[in-house]
file data_28.pdb (PDB, C-alpha atoms)
ATOM      1  CA  MET A   1      77.536-110.908-440.621  1.00  0.00           C
ATOM      2  CA  LEU A   2      79.052-112.573-437.563  1.00  0.00           C
ATOM      3  CA  ARG A   3      80.208-115.595-439.577  1.00  0.00           C
ATOM      4  CA  THR A   4      81.711-113.350-442.234  1.00  0.00           C
ATOM      5  CA  ALA A   5      83.374-111.107-439.653  1.00  0.00           C
ATOM      6  CA  ALA A   6      84.913-114.104-437.891  1.00  0.00           C
ATOM      7  CA  ARG A   7      86.282-115.395-441.196  1.00  0.00           C
ATOM      8  CA  VAL A   8      87.669-111.999-442.258  1.00  0.00           C
ATOM      9  CA  PHE A   9      89.246-111.326-438.864  1.00  0.00           C
ATOM     10  CA  ALA A  10      90.937-114.747-438.973  1.00  0.00           C
ATOM     11  CA  GLU A  11      92.189-114.198-442.534  1.00  0.00           C
ATOM     12  CA  GLU A  12      93.140-110.513-442.482  1.00  0.00           C
ATOM     13  CA  GLY A  13      93.491-109.535-438.829  1.00  0.00           C
ATOM     14  CA  LEU A  14      91.594-107.113-436.625  1.00  0.00           C
ATOM     15  CA  GLU A  15      92.784-104.093-438.613  1.00  0.00           C
ATOM     16  CA  VAL A  16      90.259-104.819-441.372  1.00  0.00           C
ATOM     17  CA  SER A  17      87.571-102.156-441.752  1.00  0.00           C
ATOM     18  CA  LEU A  18      83.844-102.595-441.157  1.00  0.00           C
ATOM     19  CA  GLY A  19      83.349-101.590-444.777  1.00  0.00           C
ATOM     20  CA  ARG A  20      85.475-104.532-445.891  1.00  0.00           C
ATOM     21  CA  ILE A  21      83.410-106.894-443.743  1.00  0.00           C
ATOM     22  CA  ALA A  22      80.198-105.486-445.190  1.00  0.00           C
ATOM     23  CA  GLN A  23      81.545-106.074-448.700  1.00  0.00           C
ATOM     24  CA  ARG A  24      82.463-109.676-447.907  1.00  0.00           C
ATOM     25  CA  ALA A  25      79.066-110.259-446.294  1.00  0.00           C
ATOM     26  CA  GLY A  26      77.253-108.857-449.320  1.00  0.00           C
ATOM     27  CA  VAL A  27      75.427-106.141-447.364  1.00  0.00           C
ATOM     28  CA  GLY A  28      75.659-102.376-447.217  1.00  0.00           C
ATOM     29  CA  ALA A  29      78.041-100.696-444.806  1.00  0.00           C
ATOM     30  CA  GLY A  30      75.051 -99.047-443.129  1.00  0.00           C
ATOM     31  CA  THR A  31      73.639-102.467-442.246  1.00  0.00           C
ATOM     32  CA  VAL A  32      76.815-103.393-440.396  1.00  0.00           C
ATOM     33  CA  TYR A  33      77.047-100.056-438.589  1.00  0.00           C
ATOM     34  CA  ARG A  34      73.372-100.257-437.606  1.00  0.00           C
ATOM     35  CA  HIS A  35      73.960-103.535-435.760  1.00  0.00           C
ATOM     36  CA  PHE A  36      77.571-102.931-434.696  1.00  0.00           C
ATOM     37  CA  PRO A  37      78.344 -99.198-434.290  1.00  0.00           C
ATOM     38  CA  SER A  38      82.056 -99.866-433.738  1.00  0.00           C
ATOM     39  CA  LYS A  39      84.593-102.529-434.540  1.00  0.00           C
ATOM     40  CA  GLU A  40      85.071-103.170-430.828  1.00  0.00           C
ATOM     41  CA  ILE A  41      81.396-104.096-430.495  1.00  0.00           C
ATOM     42  CA  LEU A  42      81.632-106.370-433.544  1.00  0.00           C
ATOM     43  CA  VAL A  43      84.734-108.130-432.218  1.00  0.00           C
ATOM     44  CA  GLU A  44      82.982-108.724-428.907  1.00  0.00           C
ATOM     45  CA  ALA A  45      79.919-110.117-430.708  1.00  0.00           C
ATOM     46  CA  VAL A  46      82.102-112.453-432.779  1.00  0.00           C
ATOM     47  CA  LEU A  47      83.886-113.714-429.680  1.00  0.00           C
ATOM     48  CA  ALA A  48      80.641-114.156-427.746  1.00  0.00           C
ATOM     49  CA  ASP A  49      79.051-116.034-430.653  1.00  0.00           C
ATOM     50  CA  HIS A  50      82.089-118.334-430.830  1.00  0.00           C
ATOM     51  CA  VAL A  51      81.986-119.040-427.091  1.00  0.00           C
ATOM     52  CA  GLU A  52      78.228-119.706-427.096  1.00  0.00           C
ATOM     53  CA  SER A  53      78.678-122.200-429.948  1.00  0.00           C
ATOM     54  CA  LEU A  54      81.144-124.055-427.725  1.00  0.00           C
ATOM     55  CA  VAL A  55      78.625-124.061-424.873  1.00  0.00           C
ATOM     56  CA  ALA A  56      76.081-125.681-427.206  1.00  0.00           C
ATOM     57  CA  ALA A  57      78.694-128.287-428.124  1.00  0.00           C
ATOM     58  CA  ALA A  58      79.282-129.043-424.431  1.00  0.00           C
ATOM     59  CA  ASP A  59      75.575-129.636-423.901  1.00  0.00           C
ATOM     60  CA  ARG A  60      75.457-131.899-426.955  1.00  0.00           C
ATOM     61  CA  PHE A  61      78.355-134.030-425.771  1.00  0.00           C
ATOM     62  CA  ALA A  62      76.959-134.249-422.234  1.00  0.00           C
ATOM     63  CA  ALA A  63      73.632-135.521-423.551  1.00  0.00           C
ATOM     64  CA  ARG A  64      75.006-138.100-425.994  1.00  0.00           C
ATOM     65  CA  ALA A  65      78.241-139.506-424.599  1.00  0.00           C
ATOM     66  CA  ALA A  66      79.642-141.087-421.441  1.00  0.00           C
ATOM     67  CA  PRO A  67      81.180-138.527-419.022  1.00  0.00           C
ATOM     68  CA  GLY A  68      84.804-139.172-419.940  1.00  0.00           C
ATOM     69  CA  ASP A  69      84.094-139.321-423.668  1.00  0.00           C
ATOM     70  CA  ALA A  70      81.976-136.174-423.398  1.00  0.00           C
ATOM     71  CA  LEU A  71      84.796-134.184-421.807  1.00  0.00           C
ATOM     72  CA  PHE A  72      87.518-135.294-424.211  1.00  0.00           C
ATOM     73  CA  GLY A  73      85.243-134.954-427.229  1.00  0.00           C
ATOM     74  CA  PHE A  74      84.334-131.442-426.133  1.00  0.00           C
ATOM     75  CA  LEU A  75      87.968-130.438-425.618  1.00  0.00           C
ATOM     76  CA  LEU A  76      88.767-131.576-429.140  1.00  0.00           C
ATOM     77  CA  GLU A  77      85.796-129.578-430.440  1.00  0.00           C
ATOM     78  CA  VAL A  78      87.071-126.474-428.654  1.00  0.00           C
ATOM     79  CA  ILE A  79      90.523-126.975-430.163  1.00  0.00           C
ATOM     80  CA  GLU A  80      89.187-127.564-433.662  1.00  0.00           C
ATOM     81  CA  LYS A  81      86.865-124.552-433.629  1.00  0.00           C
ATOM     82  CA  SER A  82      89.471-122.257-432.052  1.00  0.00           C
ATOM     83  CA  ALA A  83      92.373-123.173-434.341  1.00  0.00           C
ATOM     84  CA  GLY A  84      93.068-120.346-436.785  1.00  0.00           C
ATOM     85  CA  ARG A  85      91.298-117.710-434.662  1.00  0.00           C
ATOM     86  CA  GLN A  86      94.427-116.319-433.021  1.00  0.00           C
ATOM     87  CA  HIS A  87      93.778-112.798-434.313  1.00  0.00           C
ATOM     88  CA  ILE A  88      90.376-112.734-432.651  1.00  0.00           C
ATOM     89  CA  CYS A  89      91.509-114.330-429.389  1.00  0.00           C
ATOM     90  CA  ASP A  90      94.388-111.825-429.135  1.00  0.00           C
ATOM     91  CA  ALA A  91      91.771-109.119-428.661  1.00  0.00           C
ATOM     92  CA  LEU A  92      91.118-110.493-425.178  1.00  0.00           C
ATOM     93  CA  THR A  93      94.651-109.702-424.028  1.00  0.00           C
ATOM     94  CA  ALA A  94      95.453-106.704-426.244  1.00  0.00           C
ATOM     95  CA  GLU A  95      92.552-104.564-424.981  1.00  0.00           C
ATOM     96  CA  GLN A  96      92.442-104.005-421.219  1.00  0.00           C
ATOM     97  CA  GLY A  97      88.785-102.991-421.438  1.00  0.00           C
ATOM     98  CA  TRP A  98      87.761-106.593-422.113  1.00  0.00           C
ATOM     99  CA  PRO A  99      85.607-108.339-421.330  1.00  0.00           C
ATOM    100  CA  HIS A 100      82.337-106.437-421.772  1.00  0.00           C
ATOM    101  CA  ALA A 101      78.888-107.567-420.665  1.00  0.00           C
ATOM    102  CA  THR A 102      78.016-109.716-423.691  1.00  0.00           C
ATOM    103  CA  LEU A 103      81.296-111.602-423.685  1.00  0.00           C
ATOM    104  CA  THR A 104      81.276-111.890-419.890  1.00  0.00           C
ATOM    105  CA  ALA A 105      77.919-113.684-420.008  1.00  0.00           C
ATOM    106  CA  ALA A 106      79.071-116.055-422.742  1.00  0.00           C
ATOM    107  CA  THR A 107      82.293-116.814-420.860  1.00  0.00           C
ATOM    108  CA  ARG A 108      80.324-117.558-417.690  1.00  0.00           C
ATOM    109  CA  HIS A 109      78.158-120.045-419.606  1.00  0.00           C
ATOM    110  CA  PHE A 110      81.303-121.682-420.991  1.00  0.00           C
ATOM    111  CA  ASP A 111      82.895-121.972-417.540  1.00  0.00           C
ATOM    112  CA  GLU A 112      79.738-123.532-416.128  1.00  0.00           C
ATOM    113  CA  ALA A 113      79.533-126.062-418.988  1.00  0.00           C
ATOM    114  CA  LEU A 114      83.205-126.974-418.626  1.00  0.00           C
ATOM    115  CA  ASP A 115      82.848-127.386-414.857  1.00  0.00           C
ATOM    116  CA  ARG A 116      79.914-129.759-415.360  1.00  0.00           C
ATOM    117  CA  LEU A 117      81.795-131.918-417.846  1.00  0.00           C
ATOM    118  CA  LEU A 118      84.905-131.986-415.653  1.00  0.00           C
ATOM    119  CA  HIS A 119      82.907-132.882-412.521  1.00  0.00           C
ATOM    120  CA  ASN A 120      81.126-135.735-414.292  1.00  0.00           C
ATOM    121  CA  ALA A 121      84.378-137.078-415.739  1.00  0.00           C
ATOM    122  CA  LYS A 122      86.030-137.025-412.313  1.00  0.00           C
ATOM    123  CA  GLN A 123      83.073-138.874-410.819  1.00  0.00           C
ATOM    124  CA  THR A 124      83.719-141.788-413.191  1.00  0.00           C
ATOM    125  CA  GLY A 125      87.515-141.687-412.783  1.00  0.00           C
ATOM    126  CA  ALA A 126      88.084-140.797-416.447  1.00  0.00           C
ATOM    127  CA  ILE A 127      90.381-137.854-415.708  1.00  0.00           C
ATOM    128  CA  ARG A 128      93.087-137.090-413.165  1.00  0.00           C
ATOM    129  CA  ALA A 129      91.715-135.865-409.846  1.00  0.00           C
ATOM    130  CA  ASP A 130      94.129-132.911-409.700  1.00  0.00           C
ATOM    131  CA  VAL A 131      92.996-131.388-413.007  1.00  0.00           C
ATOM    132  CA  GLN A 132      91.175-128.056-412.707  1.00  0.00           C
ATOM    133  CA  ALA A 133      88.968-126.223-415.188  1.00  0.00           C
ATOM    134  CA  ASP A 134      91.660-123.560-415.670  1.00  0.00           C
ATOM    135  CA  ASP A 135      94.082-126.317-416.687  1.00  0.00           C
ATOM    136  CA  LEU A 136      91.673-127.513-419.361  1.00  0.00           C
ATOM    137  CA  ALA A 137      91.177-124.003-420.735  1.00  0.00           C
ATOM    138  CA  ALA A 138      94.941-123.485-420.964  1.00  0.00           C
ATOM    139  CA  LEU A 139      95.463-126.884-422.641  1.00  0.00           C
ATOM    140  CA  ALA A 140      92.697-126.134-425.130  1.00  0.00           C
ATOM    141  CA  ALA A 141      94.399-122.863-426.046  1.00  0.00           C
ATOM    142  CA  GLY A 142      97.712-124.688-426.454  1.00  0.00           C
ATOM    143  CA  GLY A 143      96.070-127.404-428.523  1.00  0.00           C
ATOM    144  CA  ALA A 144      94.542-124.816-430.854  1.00  0.00           C
ATOM    145  CA  ALA A 145      97.994-123.286-431.338  1.00  0.00           C
ATOM    146  CA  LEU A 146      99.399-126.737-432.163  1.00  0.00           C
ATOM    147  CA  ARG A 147      96.709-127.369-434.754  1.00  0.00           C
ATOM    148  CA  SER A 148      97.235-123.960-436.343  1.00  0.00           C
ATOM    149  CA  ALA A 149     101.031-124.201-436.416  1.00  0.00           C
ATOM    150  CA  HIS A 150     101.357-127.713-437.855  1.00  0.00           C
ATOM    151  CA  ARG A 151     101.082-127.870-441.642  1.00  0.00           C
ATOM    152  CA  ASN A 152     100.293-131.577-441.647  1.00  0.00           C
ATOM    153  CA  GLN A 153      96.745-131.872-440.321  1.00  0.00           C
ATOM    154  CA  ALA A 154      97.060-135.534-439.374  1.00  0.00           C
ATOM    155  CA  ARG A 155     100.230-134.924-437.353  1.00  0.00           C
ATOM    156  CA  GLY A 156      98.662-131.889-435.750  1.00  0.00           C
ATOM    157  CA  ILE A 157      95.704-133.994-434.601  1.00  0.00           C
ATOM    158  CA  ARG A 158      98.074-136.655-433.278  1.00  0.00           C
ATOM    159  CA  LEU A 159      99.917-134.068-431.177  1.00  0.00           C
ATOM    160  CA  VAL A 160      96.613-132.774-429.817  1.00  0.00           C
ATOM    161  CA  ARG A 161      95.603-136.317-428.868  1.00  0.00           C
ATOM    162  CA  LEU A 162      98.909-136.853-427.062  1.00  0.00           C
ATOM    163  CA  LEU A 163      98.303-133.595-425.197  1.00  0.00           C
ATOM    164  CA  LEU A 164      94.822-134.641-424.113  1.00  0.00           C
ATOM    165  CA  ASP A 165      95.893-138.177-423.192  1.00  0.00           C
ATOM    166  CA  GLY A 166      98.027-136.659-420.439  1.00  0.00           C
ATOM    167  CA  LEU A 167      94.806-135.714-418.647  1.00  0.00           C
ATOM    168  CA  ARG A 168      93.649-139.292-418.223  1.00  0.00           C
ATOM    169  CA  THR A 169      94.059-141.181-414.972  1.00  0.00           C
ATOM    170  CA  PRO A 170      97.214-143.363-414.945  1.00  0.00           C
ATOM    171  CA  ASN A 171      95.223-146.612-415.062  1.00  0.00           C
ATOM    172  CA  VAL A 172      93.135-145.540-418.061  1.00  0.00           C
ATOM    173  CA  THR A 173      94.754-146.706-421.288  1.00  0.00           C
ATOM    174  CA  LYS A 174      91.714-146.542-423.576  1.00  0.00           C
ATOM    175  CA  ASP A 175      92.618-144.977-426.910  1.00  0.00           C
ATOM    176  CA  VAL A 176      89.631-143.046-428.235  1.00  0.00           C
ATOM    177  CA  VAL A 177      89.405-142.344-431.957  1.00  0.00           C
ATOM    178  CA  PHE A 178      88.118-138.774-432.010  1.00  0.00           C
ATOM    179  CA  ARG A 179      85.623-137.627-434.605  1.00  0.00           C
ATOM    180  CA  ASP A 180      86.832-136.379-437.990  1.00  0.00           C
ATOM    181  CA  MET A 181      90.295-137.838-437.471  1.00  0.00           C
ATOM    182  CA  PRO A 182      91.815-138.523-440.919  1.00  0.00           C
ATOM    183  CA  ALA A 183      92.550-142.136-441.826  1.00  0.00           C
ATOM    184  CA  VAL A 184      96.282-141.490-441.750  1.00  0.00           C
ATOM    185  CA  ALA A 185      96.005-140.355-438.134  1.00  0.00           C
ATOM    186  CA  ARG A 186      93.924-143.393-437.192  1.00  0.00           C
ATOM    187  CA  HIS A 187      96.283-145.808-438.877  1.00  0.00           C
ATOM    188  CA  ASP A 188      98.571-146.112-435.886  1.00  0.00           C
ATOM    189  CA  THR A 189      95.720-146.341-433.383  1.00  0.00           C
ATOM    190  CA  ALA A 190      94.827-149.683-431.873  1.00  0.00           C
ATOM    191  CA  VAL A 191      91.280-150.870-432.528  1.00  0.00           C
ATOM    192  CA  ASP A 192      89.022-150.022-429.601  1.00  0.00           C
ATOM    193  CA  SER A 193      86.613-152.435-428.062  1.00  0.00           C
ATOM    194  CA  VAL A 194      84.334-149.419-427.713  1.00  0.00           C
ATOM    195  CA  GLN A 195      83.427-147.448-430.828  1.00  0.00           C
ATOM    196  CA  HIS A 196      82.409-143.793-430.855  1.00  0.00           C
ATOM    197  CA  CYS A 197      80.512-141.595-433.269  1.00  0.00           C
ATOM    198  CA  ARG A 198      83.022-139.595-435.307  1.00  0.00           C
ATOM    199  CA  GLU A 199      80.793-136.529-435.210  1.00  0.00           C
ATOM    200  CA  CYS A 200      79.479-136.203-431.640  1.00  0.00           C
ATOM    201  CA  GLY A 201      81.588-138.743-429.706  1.00  0.00           C
ATOM    202  CA  ALA A 202      78.649-140.833-428.494  1.00  0.00           C
ATOM    203  CA  ARG A 203      79.204-144.543-427.904  1.00  0.00           C
ATOM    204  CA  LEU A 204      78.113-146.808-430.735  1.00  0.00           C
ATOM    205  CA  ARG A 205      76.622-150.259-430.503  1.00  0.00           C
ATOM    206  CA  THR A 206      78.966-152.824-431.979  1.00  0.00           C
ATOM    207  CA  ARG A 207      77.673-155.164-434.665  1.00  0.00           C
ATOM    208  CA  ALA A 208      78.366-158.851-434.845  1.00  0.00           C
ATOM    209  CA  THR A 209      78.614-158.764-438.642  1.00  0.00           C
ATOM    210  CA  GLY A 210      79.092-156.202-441.369  1.00  0.00           C
ATOM    211  CA  ARG A 211      81.049-152.951-441.380  1.00  0.00           C
ATOM    212  CA  PRO A 212      81.429-151.236-438.006  1.00  0.00           C
ATOM    213  CA  PRO A 213      79.253-148.110-437.651  1.00  0.00           C
ATOM    214  CA  ARG A 214      80.900-144.700-437.905  1.00  0.00           C
ATOM    215  CA  TYR A 215      78.042-142.451-436.825  1.00  0.00           C
ATOM    216  CA  CYS A 216      75.287-142.720-434.236  1.00  0.00           C
ATOM    217  CA  GLY A 217      72.547-141.765-436.686  1.00  0.00           C
ATOM    218  CA  ALA A 218      71.450-139.899-439.779  1.00  0.00           C
ATOM    219  CA  THR A 219      71.898-136.450-438.209  1.00  0.00           C
ATOM    220  CA  CYS A 220      75.595-136.934-437.463  1.00  0.00           C
ATOM    221  CA  ARG A 221      76.128-138.671-440.807  1.00  0.00           C
ATOM    222  CA  GLN A 222      74.645-135.702-442.679  1.00  0.00           C
ATOM    223  CA  ARG A 223      76.592-133.200-440.561  1.00  0.00           C
ATOM    224  CA  ALA A 224      79.851-134.993-441.347  1.00  0.00           C
ATOM    225  CA  ARG A 225      78.976-135.062-445.054  1.00  0.00           C
ATOM    226  CA  ARG A 226      78.301-131.316-445.047  1.00  0.00           C
ATOM    227  CA  ARG A 227      81.607-130.723-443.255  1.00  0.00           C
ATOM    228  CA  ARG A 228      83.516-132.739-445.867  1.00  0.00           C
ATOM    229  CA  THR A 229      81.735-130.949-448.699  1.00  0.00           C
ATOM    230  CA  ALA A 230      82.536-127.539-447.227  1.00  0.00           C
ATOM    231  CA  THR A 231      86.185-128.542-446.808  1.00  0.00           C
TER     232      THR A 231
END

call {"tool": "encode", "arguments": {"input": "data_28.pdb", "output": "structure tokens"}}
result
Amino acid sequence: MLRTAARVFAEEGLEVSLGRIAQRAGVGAGTVYRHFPSKEILVEAVLADHVESLVAAADRFAARAAPGDALFGFLLEVIEKSAGRQHICDALTAEQGWPHATLTAATRHFDEALDRLLHNAKQTGAIRADVQADDLAALAAGGAALRSAHRNQARGIRLVRLLLDGLRTPNVTKDVVFRDMPAVARHDTAVDSVQHCRECGARLRTRATGRPPRYCGATCRQRARRRRTAT
């Protein structure tokens, strides 16, 4: 129900009825009302679920990538997953009663995860020392708007990359090929001496011969295949 509600809110706006969401989810209206007595509660649950999924992504990047790569990979993930959700995110500013307890807890987890990634990246000199967590949150919101507004996906990704590159320390010129970047967007990118998994951002071991690896293992390869199939 949460996945369906998020999709319907993004497509039709927050004015859609709970009955409409129940119909799209293939369940009875009573089932929706039993779990979410009001639309406000459902919107909060959708937002909290979205934020918690980003927290899980932060933990995944932290465990599988170098500090700088983990932060930039996570920021791109936030932008990708938030693009097209403007209707839902507007609820945070349109309703002065936000946030409620469920969303407050999820937001706290997100802030803590972002602070950890930022701290680790600063420790290795991968990001400017004057960057704060609030700056990253604002840039992620702006990046999501860029992705949503640009009709050409490849150009939208390129603009997002330019936005994120401004966070790097002046002496860092490494050009990271982010995961899921279309070939047309990678075409103008110089070949890196360091390769990264296109799904999770983890560093890949380079091979002396044969085709360069694209994924760190079978799990990321299968996840990328499912993403392409769904698209």

call {"tool": "closest_atom_pairs", "arguments": {"input": "data_28.pdb", "of": "range 105-162 of chain A", "to": "range 44-61 of chain A", "cutoff": "8 Å", "atoms": "all atoms listed in the file", "output": "CSV"}}
result
residue,atom,partner,partner_atom,distance
A:Ala106,CA,A:Ala48,CA,5.6
A:Thr107,CA,A:Val51,CA,6.6
A:His109,CA,A:Val55,CA,6.6
A:Phe110,CA,A:Val55,CA,5.3
A:Ala113,CA,A:Ala58,CA,6.2
A:Leu114,CA,A:Ala58,CA,7.3
A:Leu117,CA,A:Ala58,CA,7.6

call {"tool": "closest_residue", "arguments": {"input": "data_28.pdb", "among": "A:Ala121, A:Ile79, A:Leu18, A:Ile41", "to": "Leu163 in chain A", "atoms": "all atoms listed in the file"}}
result
A:Ile79

call {"tool": "atom_distance", "arguments": {"input": "data_28.pdb", "atom1": "CA of Asp135 in chain A", "atom2": "CA of Lys81 in chain A"}}
result
18.5 Å

call {"tool": "atom_distance", "arguments": {"input": "data_28.pdb", "atom1": "CA of Arg147 in chain A", "atom2": "CA of Ala10 in chain A"}}
result
14.5 Å

call {"tool": "atom_distance", "arguments": {"input": "data_28.pdb", "atom1": "CA of Arg225 in chain A", "atom2": "CA of Leu139 in chain A"}}
result
29.0 Å

call {"tool": "resolve_selection", "arguments": {"input": "data_28.pdb", "expression": "the PyMOL selection byres ((chain A and resi 126) around 8)", "output": "list in words"}}
result
Pro67, Gly68, Ala121, Lys122, Gln123, Thr124, Gly125, Ile127, Arg128, Arg168, Thr169 and Val172 of chain A

call {"tool": "closest_residue", "arguments": {"input": "data_28.pdb", "among": "A:Val16, A:Ala144, A:Ala224, A:Cys216", "to": "Arg64 in chain A", "atoms": "only C-alpha atoms"}}
result
A:Cys216

call {"tool": "axis_aligned_box", "arguments": {"input": "data_28.pdb", "around": "range 126-139 of chain A", "padding_each_side": "8 Å", "output": "JSON"}}
result
{"center_x": 91.8, "center_y": -132.1, "center_z": -416.2, "size_x": 23.4, "size_y": 33.3, "size_z": 28.9}

call {"tool": "residues_around", "arguments": {"input": "data_28.pdb", "residues": "Glu80 in chain A", "least_positions_apart": "3", "cutoff": "9 Å", "atoms": "only C-alpha atoms", "output": "compact mmCIF listing (two decimals) with C-alpha atoms, in the frame of the given file"}}
result
# COMPACT_ATOMS: atom_id res chain seq x y z
CA LEU A 75 87.97 -130.44 -425.62
CA LEU A 76 88.77 -131.58 -429.14
CA GLU A 77 85.80 -129.58 -430.44
CA ALA A 83 92.37 -123.17 -434.34
CA GLY A 84 93.07 -120.35 -436.78
CA GLY A 143 96.07 -127.40 -428.52
CA ALA A 144 94.54 -124.82 -430.85
CA ARG A 147 96.71 -127.37 -434.75

call {"tool": "closest_residue", "arguments": {"input": "data_28.pdb", "among": "A:Glu12, A:Arg221, A:Leu167, A:Pro213", "to": "Gln132 in chain A", "atoms": "all atoms listed in the file"}}
result
A:Leu167

call {"tool": "closest_residue", "arguments": {"input": "data_28.pdb", "among": "A:Ser82, A:Ser38, A:Ser148, A:Gln222", "to": "Gly19 in chain A", "atoms": "only C-alpha atoms"}}
result
A:Ser38

call {"tool": "closest_residue", "arguments": {"input": "data_28.pdb", "among": "A:Leu42, A:Ala66, A:Ala129, A:Val8", "to": "Pro170 in chain A", "atoms": "all atoms listed in the file"}}
result
A:Ala129

call {"tool": "closest_residue", "arguments": {"input": "data_28.pdb", "among": "A:Leu159, A:Leu14, A:His150, A:Asn120", "to": "Asp69 in chain A", "atoms": "only C-alpha atoms"}}
result
A:Asn120

call {"tool": "build_atoms", "arguments": {"input": "data_28.pdb", "residues": "range 100-119 of chain A", "atoms": "N, CA and C atoms", "output": "mmCIF file, in the frame of the given file"}}
result
data_model
loop_
_atom_site.group_PDB
_atom_site.id
_atom_site.type_symbol
_atom_site.label_atom_id
_atom_site.label_comp_id
_atom_site.auth_asym_id
_atom_site.auth_seq_id
_atom_site.Cartn_x
_atom_site.Cartn_y
_atom_site.Cartn_z
ATOM 1 N N HIS A 100 83.539 -107.220 -421.971
ATOM 2 C CA HIS A 100 82.337 -106.437 -421.772
ATOM 3 C C HIS A 100 81.195 -107.379 -421.387
ATOM 4 N N ALA A 101 80.008 -106.803 -421.226
ATOM 5 C CA ALA A 101 78.888 -107.567 -420.665
ATOM 6 C C ALA A 101 78.518 -108.783 -421.508
ATOM 7 N N THR A 102 78.441 -108.611 -422.827
ATOM 8 C CA THR A 102 78.016 -109.716 -423.691
ATOM 9 C C THR A 102 79.002 -110.876 -423.620
ATOM 10 N N LEU A 103 80.282 -110.547 -423.728
ATOM 11 C CA LEU A 103 81.296 -111.602 -423.685
ATOM 12 C C LEU A 103 81.408 -112.201 -422.289
ATOM 13 N N THR A 104 81.220 -111.383 -421.262
ATOM 14 C CA THR A 104 81.276 -111.890 -419.890
ATOM 15 C C THR A 104 80.213 -112.959 -419.662
ATOM 16 N N ALA A 105 79.007 -112.713 -420.169
ATOM 17 C CA ALA A 105 77.919 -113.684 -420.008
ATOM 18 C C ALA A 105 78.234 -114.981 -420.741
ATOM 19 N N ALA A 106 78.736 -114.864 -421.974
ATOM 20 C CA ALA A 106 79.071 -116.055 -422.742
ATOM 21 C C ALA A 106 80.181 -116.849 -422.067
ATOM 22 N N THR A 107 81.179 -116.150 -421.539
ATOM 23 C CA THR A 107 82.293 -116.814 -420.860
ATOM 24 C C THR A 107 81.813 -117.526 -419.596
ATOM 25 N N ARG A 108 80.878 -116.912 -418.891
ATOM 26 C CA ARG A 108 80.324 -117.558 -417.690
ATOM 27 C C ARG A 108 79.602 -118.848 -418.063
ATOM 28 N N HIS A 109 78.841 -118.827 -419.152
ATOM 29 C CA HIS A 109 78.158 -120.045 -419.606
ATOM 30 C C HIS A 109 79.166 -121.126 -419.973
ATOM 31 N N PHE A 110 80.260 -120.717 -420.619
ATOM 32 C CA PHE A 110 81.303 -121.682 -420.991
ATOM 33 C C PHE A 110 81.933 -122.299 -419.748
ATOM 34 N N ASP A 111 82.271 -121.471 -418.770
ATOM 35 C CA ASP A 111 82.895 -121.972 -417.540
ATOM 36 C C ASP A 111 81.978 -122.959 -416.824
ATOM 37 N N GLU A 112 80.692 -122.647 -416.786
ATOM 38 C CA GLU A 112 79.738 -123.532 -416.128
ATOM 39 C C GLU A 112 79.636 -124.863 -416.864
ATOM 40 N N ALA A 113 79.619 -124.823 -418.201
ATOM 41 C CA ALA A 113 79.533 -126.062 -418.988
ATOM 42 C C ALA A 113 80.786 -126.904 -418.807
ATOM 43 N N LEU A 114 81.955 -126.244 -418.803
ATOM 44 C CA LEU A 114 83.205 -126.974 -418.626
ATOM 45 C C LEU A 114 83.284 -127.592 -417.234
ATOM 46 N N ASP A 115 82.846 -126.857 -416.229
ATOM 47 C CA ASP A 115 82.848 -127.386 -414.857
ATOM 48 C C ASP A 115 81.965 -128.629 -414.741
ATOM 49 N N ARG A 116 80.810 -128.603 -415.413
ATOM 50 C CA ARG A 116 79.914 -129.759 -415.360
ATOM 51 C C ARG A 116 80.565 -130.984 -416.001
ATOM 52 N N LEU A 117 81.151 -130.793 -417.166
ATOM 53 C CA LEU A 117 81.795 -131.918 -417.846
ATOM 54 C C LEU A 117 82.962 -132.461 -417.027
ATOM 55 N N LEU A 118 83.756 -131.565 -416.450
ATOM 56 C CA LEU A 118 84.905 -131.986 -415.653
ATOM 57 C C LEU A 118 84.444 -132.735 -414.401
ATOM 58 N N HIS A 119 83.431 -132.223 -413.729
ATOM 59 C CA HIS A 119 82.907 -132.882 -412.521
ATOM 60 C C HIS A 119 82.419 -134.291 -412.848
#
